[in-house]
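Trainee: Can you keep this structure in mind? I'll have questions shortly.
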Amino acid sequence: MTNKYSTISFLSDYGTRDEFVGVVKSVIYEIAPQCRIVDLTHEIEPFDVRAGSLSLARAVSYIASGVVLAVVDPGVGGTRRAVAIEVLDGKGVFVGPDNGLLAMAIALAGGAGRAVCLTNTAYHLTAPGETFAGRDIFGPAAAHLCNGVDLAELGEMIDPALLLPGVVPVPREEDGVLHGEVTWVDRFGNCQLNIGPDEITDFGDVVRVEIGSLMSGASSTREPVVRALKVVRSYGQIGSGPGLVVDSYGMLSLCVDRGSAATELHIGQGDLIMLSTATEKVTTPVRLSPTR
Amino acid sequence: MTNKYSTISFLSDYGTRDEFVGVVKSVIYEIAPQCRIVDLTHEIEPFDVRAGSLSLARAVSYIASGVVLAVVDPGVGGTRRAVAIEVLDGKGVFVGPDNGLLAMAIALAGGAGRAVCLTNTAYHLTAPGETFAGRDIFGPAAAHLCNGVDLAELGEMIDPALLLPGVVPVPREEDGVLHGEVTWVDRFGNCQLNIGPDEITDFGDVVRVEIGSLMSGASSTREPVVRALKVVRSYGQIGSGPGLVVDSYGMLSLCVDRGSAATELHIGQGDLIMLSTATEKVTTPVRLSPTR
Amino acid sequence: MTNKYSTISFLSDYGTRDEFVGVVKSVIYEIAPQCRIVDLTHEIEPFDVRAGSLSLARAVSYIASGVVLAVVDPGVGGTRRAVAIEVLDGKGVFVGPDNGLLAMAIALAGGAGRAVCLTNTAYHLTAPGETFAGRDIFGPAAAHLCNGVDLAELGEMIDPALLLPGVVPVPREEDGVLHGEVTWVDRFGNCQLNIGPDEITDFGDVVRVEIGSLMSGASSTREPVVRALKVVRSYGQIGSGPGLVVDSYGMLSLCVDRGSAATELHIGQGDLIMLSTATEKVTTPVRLSPTR
């Protein structure tokens with residue numbers, strides 16, 4: 001049995017203020033001391049499967065071949081399945097809960113090949129409780145895969161077509177208006193949309209952006225904010241105020257140069273955004289953020 | 001001299017927003033480039049020796065054999081001793097301040113064998129100030145131990161029986177009521193108690209839980225909250241509201257499925273909890289948390 | 001071509017709640033799997049080039065020889081140059097934006113030798129957008145340098161004398177009063193000054209410290225706070241209240257034993273501090289911090 005994979009790329013909602021991540025790594029290195037673990041992030045909001053799946057999807061084309069260990073797992077210990085899924089080319093395996101977390105990344109990585117439900121307890125850690133599958137099931141599975149254990153050893157094979165699909169936020173067009181949403185607010189306050197620059201070429205260099213007339217969150221009843229924003233290639237080209245930047249993933253992001261678009265525009269993950277042609281000069285002033 | 005240990009498991013209250021942890025690692029790798037450092041956590045609250053000792057105790061049975069470097073050290077530069085302590089089987093060494101931080105973990109790892117006070121300055125980093133022992137004393141000691149330097153080289157041997165003991169929070173029984181406390185609130189808001197399921201088997205499947213009539217903190221004078229809570233094995237079995245879950249360490253935790261028990265029950269680390277038989281149906285409604 | 005450097009020390013303002021750092025590491029390991037990446041910190045405040053440069057300067061003498069990758073880069077995608085700069089002895093290379101971030105650390109490491117502008121796109125990652133130079137330009141450059149690629153291959157050589165200088169905060173003396181500032185507030189609330197103990201030996205063991213009559217920040221109009229503070233070598237020697245401690249970098253820091261000087265004295269990064277001889281007993285009581 002030769003080592004099959006050398007890298008485990010690890011994403012979770014465990015945070016770093018507890019010792020969860022350190023314990024999972026200790027367990028993995030005990031089983032597979034030769035492997036390398038690369039942290040993607042562990043600061044996915046607790047239980048936010050969708051945010052985890054989007055983060056994984058953004059990262060996946062940059063991840064080294066090997067094992068991807070992803071754990072955002074609100075249903076731990078319940079009926080959701082623990083799975084490992086090979087990508088079609090066999091260069092990598094995704095390990096995690098079957099709750100939609102892995103689906104988008106696997107699709108981007110080439111699609112699912114063989115899949116297994118991690119039911120073989122010989123590859124689990126014996127544990128006094130069932131609430132830490134990262135330590136007891138997922139981490140050990142990732143480590144054993146690095147050691148060359150075949151996927152089929154880890155449990156009963158399942159039909160990859162029956163894995164829970166991810167929720168891909170697709171924009172829709174209606175009467176010349178493109179309805180999208182904010183899929184990610186990064187540390188800098190940049191707000192990525194689920195809309196690429198190719199989808200708005202008809203709208204011209206300056207685009208009408210309407211924010212907030214329809215919130216995906218329930219509590220807000222704010223007035224819609226309408227802006228005419230330039231589409232640019234770098235933060236420095238925005239000038240003052242917000243702009244639409246083709247970001248590093250090739251998507252449109254609402255950004256402010258050396259500032260936070262999320263703060264300035266009062267927007268957050270999941271907010272709905274409408275893009276259309278800026279037929280007239282739009283000058284609704286943005287309200288400044290209250291101090292917080 | 002051959003390399004003796006290959007892994008350093010590192011816990012501290014240094015945080016990650018300063019470069020403290022990176023500097024300690026740089027110093028270690030300069031001395032022992034072949035070793036691997038595994039971060040347990042660095043987000044122990046500043047100076048909170050007790051929280052650090054509990055985190056270390058939870059992690060210790062999962063830590064690879066090798067060196068454990070633990071630094072929560074409010075007395076740095078003062079009279080507290082810097083120590084290294086072998087565990088009895090010789091498979092590991094704990095390095096840190098002699099302030100109770102290491103005691104519980106060492107006991108769980110099999111007890112203390114040889115112990116040394118890190119007084120040999122030949123193994124220290126020369127420093128312009130005395131306030132960063134992790135960089136100047138503890139880190140280098142951990143690295144030299146990995147390189148095969150014997151414990152006895154690092155300073156004067158001391159009697160392990162004279163090391164400062166840890167404060168182990170032991171529950172007590174009084175008139176059929178078990179008095180415990182919240183020892184850990186994790187990122188998800190789960191509140192671990194210092195009580196295991198074996199200690200409450202007489203109370204039945206539904207347990208009377210009283211929170212907050214006696215707070216360990218001084219400022220609060222809130223009304224006690226009384227609940228009848230199910231004892232279950234996974235978050236999904238709780239149903240709505242809080243429950244008592246046998247957690248991944250085999251202890252009882254107050255939990256809310258896909259929510260925060262700490263927020264819902266207004267409880268925190270150190271709060272006192274009383275468990276007893278639920279003789280009658282208890283239905284005190286929990287007050288909802290104010291938004292924060 | 002043999003491997004030239006084995007370690008990349010990595011500092012940024014990327015934070016850890018997004019997957020930025022993990023993606024940069026994945027890119028680096030894909031190019032240079034044999035290297036080791038040591039995180040200094042990624043929690044530099046967004047866009048705070050000065051805080052990043054100070055953090056790097058504090059760490060630099062402890063960093064292993066090799067590549068230093070530093071990215072605090074508000075001008076990404078704009079006209080600022082992406083550079084790599086060898087230190088004079090050839091033992092290390094700094095990779096990052098030419099915006100002053102690297103200057104102080106390079107000076108402390110022995111000064112700049114050869115320098116190159118990272119214009120050779122053969123060593124870039126092809127990317128759909130220009131806003132993530134850490135992933136597309138800096139990270140790959142660091143990895144290729146580890147693989148033994150010569151600096152001159154990475155782009156056009158530039159005159160190191162024309163690199164943007166850093167802003168070194170130098171204290172000044174006026175009428176027997178030393179005017180300095182708070183250059184760093186660490187996790188524990190210790191406030192490092194740009195003043196060393198050698199500069200105040202004439203002032204005696206107890207020093208007059210004036211805080212806040214001139215704020216570098218614009219909004220505050222608070223009364224100056226005047227204190228007579230002891231100069232000591234460890235936190236435990238301070239006693240109650242704040243003191244001046246010779247910190248682990250050999251600089252003076254305003255500190256409180258097992259507490260936060262920043263909170264107790266209401267001071268922050270950039271605040272001006274005046275030190276002078278304590279001619280009379282100064283007893284202005286400090287206002288206690290409001291709870292926050």
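Quick note on naming: the chains in the structure tokens go A, B, ... in the order shown, residues restart at 1 in each chain, and ligands are numbered from 1 in order of appearance.
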List the neighbours of stretch 229-238 of chain C out to 7 Å using only C-alpha atoms; skip same-chain residues closer than 5 positions along the sequence, and give me the result as a list in words.
Mentor: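 The residues that qualify are Gly75, Gly77, Gly78, Gly129, Glu130 and Thr131 of chain B; Asp205, Val206, Val207, Arg208, Val209, Gly243, Leu244, Val245, Val246, Val256 and Asp257 of chain C.
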Trainee: So that each row is one residue of chain A with an atom at most 10 Å from chain B, can you give its shortest atom pair and the distance in Å to one decimal, using only C-alpha atoms, rows by chain and rising number, as a tab-separated table?
Mentor:
residue	atom	partner	partner_atom	distance
A:Asp13	CA	B:Arg187	CA	9.0
A:Tyr14	CA	B:Arg187	CA	7.2
A:Gly15	CA	B:Arg187	CA	6.7
A:Thr16	CA	B:Thr41	CA	6.1
A:Arg17	CA	B:Glu43	CA	4.6
A:Asp18	CA	B:Thr41	CA	6.1
A:Glu19	CA	B:Leu40	CA	5.0
A:Phe20	CA	B:Leu40	CA	7.7
A:Val21	CA	B:Leu40	CA	7.0
A:Gly22	CA	B:Leu40	CA	4.0
A:Val23	CA	B:Ala59	CA	6.1
A:Val24	CA	B:Tyr62	CA	8.3
A:Lys25	CA	B:Val38	CA	7.3
A:Ser26	CA	B:Ile63	CA	5.3
A:Val27	CA	B:Tyr62	CA	6.1
A:Ile28	CA	B:Ala64	CA	9.6
A:Tyr29	CA	B:Ala64	CA	7.6
A:Glu30	CA	B:Ala64	CA	5.9
A:Ile31	CA	B:Ala64	CA	9.7
A:Pro33	CA	B:Arg36	CA	9.7
A:Glu45	CA	B:Phe188	CA	9.4
A:Pro46	CA	B:Phe188	CA	6.4
A:Phe47	CA	B:Arg258	CA	6.7
A:Asp48	CA	B:Arg258	CA	9.8
A:Asp73	CA	B:Arg258	CA	9.6
A:Pro74	CA	B:Arg258	CA	6.0
A:Gly75	CA	B:Gly236	CA	6.6
A:Val76	CA	B:Ser234	CA	7.3
A:Gly77	CA	B:Ser234	CA	5.3
A:Gly78	CA	B:Gly236	CA	5.8
A:Thr79	CA	B:Gly236	CA	8.7
A:Ala127	CA	B:Ser248	CA	6.7
A:Pro128	CA	B:Gly250	CA	4.6
A:Gly129	CA	B:Ser248	CA	4.1
A:Glu130	CA	B:Ser248	CA	5.8
A:Thr131	CA	B:Ser248	CA	5.2
A:Phe132	CA	B:Ser248	CA	5.5
A:Ala133	CA	B:Ser248	CA	8.8
A:Arg135	CA	B:Ser248	CA	9.1
A:Asp136	CA	B:Ser248	CA	9.0
Trainee: Produce a file of the selected residues containing N, CA and C atoms, as a compact mmCIF listing (two decimals), in the first residue's frame.
Mentor:
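Output saved as part-v1.txt:
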# COMPACT_ATOMS: atom_id res chain seq x y z
N ASP A 13 -16.41 25.03 9.92
CA ASP A 13 -16.98 26.12 10.72
C ASP A 13 -16.57 25.96 12.20
N TYR A 14 -15.43 25.29 12.44
CA TYR A 14 -14.99 25.03 13.81
C TYR A 14 -14.45 26.27 14.52
N GLY A 15 -14.09 27.30 13.76
CA GLY A 15 -13.43 28.44 14.38
C GLY A 15 -12.05 28.05 14.88
N THR A 16 -11.35 29.02 15.46
CA THR A 16 -10.01 28.73 15.99
C THR A 16 -9.92 29.05 17.48
N ARG A 17 -11.03 29.50 18.10
CA ARG A 17 -10.89 29.82 19.51
C ARG A 17 -11.03 28.59 20.40
N ASP A 18 -11.59 27.51 19.89
CA ASP A 18 -11.55 26.23 20.58
C ASP A 18 -10.43 25.38 19.96
N GLU A 19 -10.19 24.22 20.54
CA GLU A 19 -9.10 23.37 20.05
C GLU A 19 -9.58 22.36 19.01
N PHE A 20 -10.80 22.52 18.46
CA PHE A 20 -11.35 21.56 17.51
C PHE A 20 -10.39 21.27 16.35
N VAL A 21 -9.94 22.33 15.68
CA VAL A 21 -9.11 22.16 14.50
C VAL A 21 -7.79 21.47 14.87
N GLY A 22 -7.20 21.89 15.98
CA GLY A 22 -5.94 21.27 16.41
C GLY A 22 -6.11 19.79 16.72
N VAL A 23 -7.24 19.43 17.30
CA VAL A 23 -7.48 18.03 17.63
C VAL A 23 -7.65 17.20 16.35
N VAL A 24 -8.42 17.72 15.39
CA VAL A 24 -8.59 16.98 14.13
C VAL A 24 -7.23 16.79 13.46
N LYS A 25 -6.41 17.84 13.46
CA LYS A 25 -5.08 17.71 12.85
C LYS A 25 -4.21 16.69 13.58
N SER A 26 -4.28 16.70 14.91
CA SER A 26 -3.50 15.73 15.67
C SER A 26 -3.90 14.31 15.30
N VAL A 27 -5.21 14.09 15.19
CA VAL A 27 -5.72 12.77 14.82
C VAL A 27 -5.22 12.37 13.43
N ILE A 28 -5.26 13.31 12.50
CA ILE A 28 -4.83 13.02 11.13
C ILE A 28 -3.33 12.71 11.09
N TYR A 29 -2.52 13.54 11.74
CA TYR A 29 -1.07 13.32 11.70
C TYR A 29 -0.67 12.02 12.40
N GLU A 30 -1.46 11.61 13.40
CA GLU A 30 -1.18 10.35 14.07
C GLU A 30 -1.35 9.18 13.09
N ILE A 31 -2.36 9.29 12.22
CA ILE A 31 -2.63 8.21 11.26
C ILE A 31 -1.73 8.34 10.03
N PRO A 33 1.32 10.57 9.26
CA PRO A 33 2.30 11.61 9.61
C PRO A 33 2.98 12.25 8.41
N GLU A 45 -19.34 30.78 9.14
CA GLU A 45 -20.28 30.99 10.24
C GLU A 45 -20.87 29.64 10.69
N PRO A 46 -21.02 29.44 12.00
CA PRO A 46 -21.54 28.16 12.48
C PRO A 46 -22.79 27.71 11.72
N PHE A 47 -22.79 26.51 11.24
CA PHE A 47 -23.92 25.86 10.56
C PHE A 47 -24.20 26.41 9.16
N ASP A 48 -23.42 27.37 8.64
CA ASP A 48 -23.74 28.01 7.36
C ASP A 48 -23.20 27.17 6.20
N ASP A 73 -21.46 21.05 9.46
CA ASP A 73 -22.20 19.81 9.66
C ASP A 73 -23.23 19.94 10.77
N PRO A 74 -24.25 20.80 10.56
CA PRO A 74 -25.25 20.98 11.62
C PRO A 74 -25.98 19.70 11.98
N GLY A 75 -26.01 18.72 11.07
CA GLY A 75 -26.74 17.49 11.35
C GLY A 75 -25.89 16.38 11.93
N VAL A 76 -24.70 16.74 12.46
CA VAL A 76 -23.77 15.71 12.95
C VAL A 76 -24.46 14.76 13.94
N GLY A 77 -24.20 13.48 13.78
CA GLY A 77 -24.79 12.49 14.67
C GLY A 77 -26.21 12.10 14.29
N GLY A 78 -26.79 12.81 13.33
CA GLY A 78 -28.16 12.51 12.91
C GLY A 78 -28.19 11.62 11.68
N THR A 79 -29.21 11.85 10.83
CA THR A 79 -29.42 10.94 9.71
C THR A 79 -28.64 11.33 8.46
N ALA A 127 -15.21 6.87 20.17
CA ALA A 127 -15.42 8.14 20.86
C ALA A 127 -16.51 8.00 21.90
N PRO A 128 -16.42 8.78 22.98
CA PRO A 128 -17.44 8.71 24.03
C PRO A 128 -18.73 9.46 23.68
N GLY A 129 -18.76 10.15 22.54
CA GLY A 129 -19.96 10.86 22.13
C GLY A 129 -19.97 11.00 20.63
N GLU A 130 -21.11 11.36 20.07
CA GLU A 130 -21.28 11.31 18.61
C GLU A 130 -21.33 12.68 17.96
N THR A 131 -20.85 13.70 18.64
CA THR A 131 -21.06 15.06 18.15
C THR A 131 -19.85 15.68 17.47
N PHE A 132 -18.77 14.92 17.24
CA PHE A 132 -17.55 15.51 16.69
C PHE A 132 -17.04 14.59 15.57
N ALA A 133 -17.81 14.56 14.46
CA ALA A 133 -17.48 13.66 13.36
C ALA A 133 -16.18 14.06 12.67
N ARG A 135 -13.43 14.82 14.06
CA ARG A 135 -12.38 14.10 14.79
C ARG A 135 -12.50 12.59 14.64
N ASP A 136 -13.73 12.10 14.65
CA ASP A 136 -13.93 10.66 14.79
C ASP A 136 -14.16 9.93 13.47
Trainee: Taking the chain letters and numbering used in this document, name the residues of stretch 47-156 of chain B that DSSP puts in alpha helix (DSSP H), as a VMD selection string.
Mentor: chain B and resid 49 to 59 103 to 108 133 139 to 146
Trainee: As a PyMOL selection string, please: all residues of stretch 83-218 of chain C that backbone DSSP puts in strand (DSSP E).
Mentor: chain C and resi 83-87+92-97+112-117+156-158+172-174+177-185+191-193+206-211
Trainee: Could you pull the residues within 8 Å of A:Ile273, counting only C-alpha atoms, minus those fewer than 5 positions along the same chain, as a ChimeraX atom specification?
Mentor: /A:179-182,209-212
Trainee: Would you output that residue set with all heavy atoms, as a CSV table (one decimal), in the first residue's frame?
Mentor:
chain,number,residue,atom,x,y,z
A,179,HIS,N,-31.5,40.0,-12.1
A,179,HIS,CA,-31.7,39.8,-10.7
A,179,HIS,C,-30.6,38.9,-10.1
A,179,HIS,O,-30.6,37.7,-10.4
A,179,HIS,CB,-33.1,39.3,-10.4
A,179,HIS,CG,-34.2,40.2,-10.8
A,179,HIS,ND1,-35.0,40.8,-9.8
A,179,HIS,CD2,-34.6,40.7,-12.0
A,179,HIS,CE1,-35.9,41.6,-10.5
A,179,HIS,NE2,-35.6,41.5,-11.8
A,180,GLY,N,-29.7,39.4,-9.3
A,180,GLY,CA,-28.7,38.6,-8.7
A,180,GLY,C,-28.7,38.8,-7.2
A,180,GLY,O,-29.6,39.3,-6.6
A,181,GLU,N,-27.6,38.3,-6.6
A,181,GLU,CA,-27.6,38.5,-5.1
A,181,GLU,C,-26.1,38.6,-4.7
A,181,GLU,O,-25.2,38.2,-5.4
A,181,GLU,CB,-28.3,37.4,-4.4
A,181,GLU,CG,-27.7,36.0,-4.6
A,181,GLU,CD,-28.4,34.9,-3.7
A,181,GLU,OE1,-28.1,34.9,-2.5
A,181,GLU,OE2,-29.2,34.2,-4.2
A,182,VAL,N,-25.9,39.0,-3.5
A,182,VAL,CA,-24.6,39.1,-2.9
A,182,VAL,C,-24.3,37.7,-2.3
A,182,VAL,O,-25.0,37.2,-1.4
A,182,VAL,CB,-24.5,40.1,-1.7
A,182,VAL,CG1,-23.2,40.0,-1.0
A,182,VAL,CG2,-24.8,41.5,-2.3
A,209,VAL,N,-27.6,50.0,-10.8
A,209,VAL,CA,-27.6,49.0,-9.7
A,209,VAL,C,-28.6,49.4,-8.7
A,209,VAL,O,-28.6,50.5,-8.2
A,209,VAL,CB,-26.2,48.9,-9.1
A,209,VAL,CG1,-26.2,47.9,-7.9
A,209,VAL,CG2,-25.1,48.6,-10.1
A,210,GLU,N,-29.6,48.5,-8.5
A,210,GLU,CA,-30.6,48.7,-7.5
A,210,GLU,C,-30.4,47.7,-6.4
A,210,GLU,O,-30.3,46.5,-6.6
A,210,GLU,CB,-32.0,48.6,-8.1
A,210,GLU,CG,-33.1,48.9,-7.1
A,210,GLU,CD,-34.5,48.9,-7.8
A,210,GLU,OE1,-34.6,49.0,-9.0
A,210,GLU,OE2,-35.5,48.8,-7.0
A,211,ILE,N,-30.4,48.2,-5.2
A,211,ILE,CA,-30.1,47.4,-4.0
A,211,ILE,C,-31.2,47.5,-3.0
A,211,ILE,O,-31.6,48.6,-2.7
A,211,ILE,CB,-28.8,47.9,-3.3
A,211,ILE,CG1,-27.6,47.8,-4.3
A,211,ILE,CG2,-28.5,47.1,-2.0
A,211,ILE,CD1,-26.4,48.6,-3.8
A,212,GLY,N,-31.7,46.4,-2.6
A,212,GLY,CA,-32.5,46.5,-1.3
A,212,GLY,C,-34.0,46.6,-1.5
A,212,GLY,O,-34.7,46.7,-0.5
Trainee: What's the 8 Å shell around A:Val49, counting only C-alpha atoms, without same-chain residues fewer than 6 positions away, as a list in words?
Mentor: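 After dropping sequence-adjacent residues, the list is Val72, Asp73, Asn99, Gly100 and Leu101 of chain A.
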Trainee: Using only C-alpha atoms, which residue out of B:Leu265, B:Leu163, B:Ala122, B:Ala57 lies closest to B:Ile85?
Mentor: B:Leu163
Trainee: Atom CA of A:Asn147 and atom CA of A:Tyr123 are how many Å apart?
Mentor: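 Atom CA of A:Tyr123 lies 12.1 Å from atom CA of A:Asn147.
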Trainee: B:Ala82: which residues within 9 Å, counting only C-alpha atoms, same-chain residues fewer than 3 positions away excluded, as a list in words?
Mentor: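 Listed by chain and then number, they are Val76, Val95, Gly96, Pro97, Asp98, Val116, Cys117, Leu118, Thr119, Ala133, Ile137 and Phe138 of chain B.
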Trainee: Kindly save the residues from that selection, with N, CA, C and O atoms included, as a short mmCIF file (atom, residue, chain, number, x, y, z; two decimals), in the first residue's frame.
Mentor:
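out.cif written:
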data_model
loop_
_atom_site.label_atom_id
_atom_site.label_comp_id
_atom_site.auth_asym_id
_atom_site.auth_seq_id
_atom_site.Cartn_x
_atom_site.Cartn_y
_atom_site.Cartn_z
N VAL B 76 4.73 35.98 33.59
CA VAL B 76 5.99 35.94 32.84
C VAL B 76 7.00 36.96 33.38
O VAL B 76 6.66 38.10 33.66
N VAL B 95 5.94 21.53 28.18
CA VAL B 95 6.78 22.71 28.42
C VAL B 95 5.87 23.91 28.65
O VAL B 95 4.96 24.16 27.84
N GLY B 96 6.08 24.64 29.73
CA GLY B 96 5.25 25.81 30.00
C GLY B 96 5.53 26.37 31.38
O GLY B 96 6.46 25.94 32.06
N PRO B 97 4.72 27.33 31.79
CA PRO B 97 4.89 27.91 33.12
C PRO B 97 4.33 26.98 34.20
O PRO B 97 3.37 26.26 33.94
N ASP B 98 4.92 27.01 35.37
CA ASP B 98 4.43 26.20 36.49
C ASP B 98 3.37 27.02 37.24
O ASP B 98 3.61 27.55 38.32
N VAL B 116 12.00 19.53 35.21
CA VAL B 116 13.18 20.40 35.24
C VAL B 116 12.71 21.85 35.22
O VAL B 116 11.69 22.18 34.61
N CYS B 117 13.44 22.68 35.92
CA CYS B 117 13.22 24.13 35.85
C CYS B 117 14.14 24.66 34.76
O CYS B 117 15.34 24.40 34.76
N LEU B 118 13.59 25.42 33.82
CA LEU B 118 14.34 25.81 32.61
C LEU B 118 15.31 26.96 32.91
O LEU B 118 15.20 28.06 32.38
N THR B 119 16.31 26.67 33.73
CA THR B 119 17.22 27.71 34.20
C THR B 119 18.53 27.77 33.44
O THR B 119 19.32 28.70 33.61
N ALA B 133 8.50 34.92 27.21
CA ALA B 133 9.17 33.65 27.50
C ALA B 133 8.86 32.59 26.45
O ALA B 133 9.65 31.68 26.24
N ILE B 137 12.35 31.31 26.01
CA ILE B 137 12.63 30.19 26.92
C ILE B 137 11.84 28.93 26.52
O ILE B 137 12.42 27.89 26.26
N PHE B 138 10.51 29.04 26.45
CA PHE B 138 9.69 27.85 26.22
C PHE B 138 9.86 27.29 24.81
O PHE B 138 10.04 26.08 24.63
#
Trainee: One decimal, Å: what's the distance from atom CA of C:Leu275 over to atom CA of C:Ser53, could you say?
Mentor: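 It comes out at 24.9 Å.
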Trainee: In Å to one decimal, how far is atom CA of C:Ser276 from atom CA of C:Gly176?
Mentor: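 We find that atom CA of C:Gly176 and atom CA of C:Ser276 lie 6.5 Å from each other.
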Trainee: Using only C-alpha atoms, which residues sit within 9 Å of C:Gly111 once same-chain residues fewer than 2 positions away are excluded, as a PDB file with N, CA, C and O atoms, in the first residue's frame?
Mentor:
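What landed in selection28.pdb:
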ATOM      1  N   GLU C  86      16.235  41.331  -2.633  1.00  0.00           N
ATOM      2  CA  GLU C  86      17.193  40.540  -1.866  1.00  0.00           C
ATOM      3  C   GLU C  86      17.797  41.381  -0.763  1.00  0.00           C
ATOM      4  O   GLU C  86      18.055  42.573  -0.950  1.00  0.00           O
ATOM      5  N   VAL C  87      18.025  40.762   0.400  1.00  0.00           N
ATOM      6  CA  VAL C  87      18.810  41.484   1.401  1.00  0.00           C
ATOM      7  C   VAL C  87      20.278  41.366   1.019  1.00  0.00           C
ATOM      8  O   VAL C  87      20.690  40.461   0.282  1.00  0.00           O
ATOM      9  N   LEU C  88      21.081  42.303   1.525  1.00  0.00           N
ATOM     10  CA  LEU C  88      22.459  42.443   1.060  1.00  0.00           C
ATOM     11  C   LEU C  88      23.270  41.157   1.172  1.00  0.00           C
ATOM     12  O   LEU C  88      24.074  40.839   0.298  1.00  0.00           O
ATOM     13  N   ASP C  89      23.065  40.392   2.246  1.00  0.00           N
ATOM     14  CA  ASP C  89      23.887  39.186   2.406  1.00  0.00           C
ATOM     15  C   ASP C  89      23.389  38.024   1.554  1.00  0.00           C
ATOM     16  O   ASP C  89      23.986  36.950   1.563  1.00  0.00           O
ATOM     17  N   ALA C 103      10.064  48.211   3.805  1.00  0.00           N
ATOM     18  CA  ALA C 103      11.292  49.005   3.944  1.00  0.00           C
ATOM     19  C   ALA C 103      11.968  48.848   5.306  1.00  0.00           C
ATOM     20  O   ALA C 103      13.180  48.607   5.382  1.00  0.00           O
ATOM     21  N   ALA C 105      11.734  46.533   7.621  1.00  0.00           N
ATOM     22  CA  ALA C 105      12.239  45.174   7.853  1.00  0.00           C
ATOM     23  C   ALA C 105      13.501  44.914   7.043  1.00  0.00           C
ATOM     24  O   ALA C 105      14.462  44.311   7.539  1.00  0.00           O
ATOM     25  N   ILE C 106      13.517  45.369   5.799  1.00  0.00           N
ATOM     26  CA  ILE C 106      14.706  45.169   4.968  1.00  0.00           C
ATOM     27  C   ILE C 106      15.900  45.917   5.552  1.00  0.00           C
ATOM     28  O   ILE C 106      17.018  45.390   5.616  1.00  0.00           O
ATOM     29  N   ALA C 107      15.670  47.129   6.018  1.00  0.00           N
ATOM     30  CA  ALA C 107      16.757  47.893   6.640  1.00  0.00           C
ATOM     31  C   ALA C 107      17.309  47.138   7.849  1.00  0.00           C
ATOM     32  O   ALA C 107      18.530  47.015   8.026  1.00  0.00           O
ATOM     33  N   LEU C 108      16.400  46.608   8.686  1.00  0.00           N
ATOM     34  CA  LEU C 108      16.832  45.861   9.871  1.00  0.00           C
ATOM     35  C   LEU C 108      17.529  44.556   9.504  1.00  0.00           C
ATOM     36  O   LEU C 108      18.367  44.055  10.258  1.00  0.00           O
ATOM     37  N   ALA C 109      17.197  44.007   8.332  1.00  0.00           N
ATOM     38  CA  ALA C 109      17.790  42.740   7.907  1.00  0.00           C
ATOM     39  C   ALA C 109      19.118  42.935   7.196  1.00  0.00           C
ATOM     40  O   ALA C 109      19.722  41.972   6.726  1.00  0.00           O
ATOM     41  N   GLY C 113      19.700  44.609  -1.398  1.00  0.00           N
ATOM     42  CA  GLY C 113      20.645  44.295  -2.453  1.00  0.00           C
ATOM     43  C   GLY C 113      19.938  44.419  -3.793  1.00  0.00           C
ATOM     44  O   GLY C 113      19.360  45.454  -4.098  1.00  0.00           O
TER      45      GLY C 113
END
